[in-house]
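Data block below; observations after.
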Amino acid sequence: MTLSDQLISFVIGVAVASWELFEEAAPYLFLGFAVAGLLHVLVPDEKILKHLGHSAGKFRSSLNASFFGIPLPLCSCGVVPTALSLKNRGATKGATLSFLISTPETGVDSIAITYALLDPIMTIFRPIATMVTALLTGITENILGEKEARKEAPVAPKNNLVMMQPMVACSDSSCGCHSEPLGEDASMLRKLKEAFRYSFVELLGDIASWLVVGIIIAGVITYMIPDEIIEGYLGGGVFSMLIMLVIGIPLYICATASTPLAAALVAKGMSPGTAFVFLLAGPATNAATITMVTKFLGKRSATIYLSMIALCSLAFGLLLDVLYVRLGIEVSSIVGSASEVLAPEVKTAFALILIPFMVYGVYKQKKLRMT
């Protein structure tokens with residue numbers, strides 16, 4: 001076989017594997033984006049902000065931030081301006097860190113694609129582990145920073161709860177700063193239009209490129225990498241998890257785009273716990289976010305932020321491996337099995353529907369950033 005034949009074979013093989021992954025994920029992505037849009041218009045930021053301040057206490061402010069952040073589909077860079085805006089409005093540092101962790105690690109879209117490409121156990125485990133990680137980080141920050149907080153004058157939330165502009169310029173419109181606020185008298189039709197625009201133009205446009213990259217890389221892994229290599233180096237244990245931690249922490253990847261990569265690796269023999277370390281650490285951190293946390297929240301907060309993510313990722317990874325062993329489940333044999341409830345024609349239809357929305361969303365977002 002000539003080099004050109006090998007190249008053609010490679011491209012076709014990767015394309016087929018990538019398309020099959022996209023088909024499996026498409027219906028659940030569609031559902032996830034739709035729910036994200038409804039959350040965007042039905043849950044105003046003003047209702048969230050008042051629960052994150054010093055008056056809520058060290059524990060409750062972090063708990064609220066962890067809880068509120070889970071369904072919001074913001075990436076690890078897009079969440080930074082929103083989190084800093086919360087801090088400027090009076091949120092505790094602990095609540096800010098909790099929000100910085102829980103928001104990018106999960107979202108209704110990433111939970112949906114986890115169900116499609118992995119399995120129900122991972123789908124349930126992912127948001128629970130995220131919330132615990134975010135909560136522990138926030139509480140740790142609030143306790144260790146209590147003396148410092150007493151020296152600072154508390155910032156009282158404004159009575160009218162009018163949103164302030166973030167201190168950091170936001171190029172990611174998924175944070176909502178490009179959207180016009182909807183009044184209480186807005187019609188249901190207007191709200192539905194705003195939800196649709198946010199879901200399938202703003203949000204989908206923001207993550208579409210990364211989602212495509214993630215699916216293509218997953219296709220390469222599926223087509224090219226032998227099972228023996230994954231099983232040998234990433235089959236489980238602390239060493240495998242440390243490798244994924246080193247890869248995941250500086251990498252910029254959103255929760256939705258990281259899921260196809262994790263699914264492809266698990267199907268090749270990676271332990272579920274090792275994959276989970278990547279799913280937990282990768283979306284929550286990247287070099288840019290770490291820099292912003294250090295600059296605006298301080299070195300101590302940045303150290304707590306990274307340390308807690310690393311420790312919790314390893315702990316939950318080991319726990320998940322033990323859980324699968326105790327249940328007697330071979331995870332590679334059930335990856336993607338949840339999506340089998342849908343007929344192939346339905347999955348193909350959703351994939352074909354999503355493609356033009358992805359193209360249009362990317363175009364609109366690039367045009368917005370150029371203006």
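Following the order of the structure tokens, chains are lettered A, B, ..., residues in each are numbered from 1, and ligands are numbered from 1.
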
Surrounding residues of segment 305-315 of chain A excluding itself and chain neighbours under 6 positions, 9 Å, only C-alpha atoms, as number ranges by chain
A: 97-98, 101, 129-130, 132-134, 136-138, 140-141, 238, 241-242, 245, 249, 273-274, 276-281, 284-285, 290, 293

Could you save the residues just selected, with C-alpha atoms, as a PDB file, in the first residue's frame?
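Done, and the output landed in again.pdb:
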ATOM      1  CA  LEU A  97     -13.786  29.492  43.825  1.00  0.00           C
ATOM      2  CA  SER A  98     -16.705  27.077  44.200  1.00  0.00           C
ATOM      3  CA  ILE A 101     -14.997  24.863  39.742  1.00  0.00           C
ATOM      4  CA  ALA A 129     -18.037  14.713  42.540  1.00  0.00           C
ATOM      5  CA  THR A 130     -18.006  18.188  41.013  1.00  0.00           C
ATOM      6  CA  VAL A 132     -18.196  18.018  46.523  1.00  0.00           C
ATOM      7  CA  THR A 133     -14.929  19.295  45.010  1.00  0.00           C
ATOM      8  CA  ALA A 134     -16.317  22.808  44.609  1.00  0.00           C
ATOM      9  CA  LEU A 136     -14.628  21.585  49.826  1.00  0.00           C
ATOM     10  CA  THR A 137     -12.541  24.141  47.928  1.00  0.00           C
ATOM     11  CA  GLY A 138     -14.859  26.982  48.866  1.00  0.00           C
ATOM     12  CA  THR A 140     -11.253  25.633  52.713  1.00  0.00           C
ATOM     13  CA  GLU A 141     -10.746  29.084  51.197  1.00  0.00           C
ATOM     14  CA  VAL A 238      -2.453   6.384  40.942  1.00  0.00           C
ATOM     15  CA  MET A 241      -4.287   9.207  37.192  1.00  0.00           C
ATOM     16  CA  LEU A 242      -1.280  11.435  37.799  1.00  0.00           C
ATOM     17  CA  LEU A 245      -3.853  15.134  35.938  1.00  0.00           C
ATOM     18  CA  ILE A 249      -4.725  20.843  34.419  1.00  0.00           C
ATOM     19  CA  GLY A 273     -11.327   6.423  37.400  1.00  0.00           C
ATOM     20  CA  THR A 274      -8.415   7.552  35.237  1.00  0.00           C
ATOM     21  CA  PHE A 276     -12.734  10.680  35.435  1.00  0.00           C
ATOM     22  CA  VAL A 277      -9.599  12.481  36.612  1.00  0.00           C
ATOM     23  CA  PHE A 278      -9.377  14.013  33.151  1.00  0.00           C
ATOM     24  CA  LEU A 279     -13.094  14.874  33.139  1.00  0.00           C
ATOM     25  CA  LEU A 280     -12.836  16.574  36.523  1.00  0.00           C
ATOM     26  CA  ALA A 281      -9.493  18.389  36.229  1.00  0.00           C
ATOM     27  CA  ALA A 284     -12.012  23.259  35.584  1.00  0.00           C
ATOM     28  CA  THR A 285      -8.504  24.523  34.894  1.00  0.00           C
ATOM     29  CA  ILE A 290      -4.959  29.830  36.738  1.00  0.00           C
ATOM     30  CA  VAL A 293      -7.311  33.408  39.667  1.00  0.00           C
TER      31      VAL A 293
END

Enter the distance from atom CA of Leu265 of chain A to atom CA of Ile221 of chain A, in Å, rounded to one decimal.
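Distance between the two atoms: 7.1 Å.
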
One number please: atom CA of Val212 of chain A to atom CA of Met370 of chain A, in Å, one decimal.
22.1 Å

Hey, can you check how far atom CA of Asp109 of chain A sits from atom CA of Ala17 of chain A?
21.6 Å

Nearest residue to Ala95 of chain A from the set A:Leu297, A:Leu323, A:Ile215, A:Ala264 (distances using only C-alpha atoms):
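Once distances to Ala95 of chain A are computed over only C-alpha atoms, the minimum belongs to A:Leu297.
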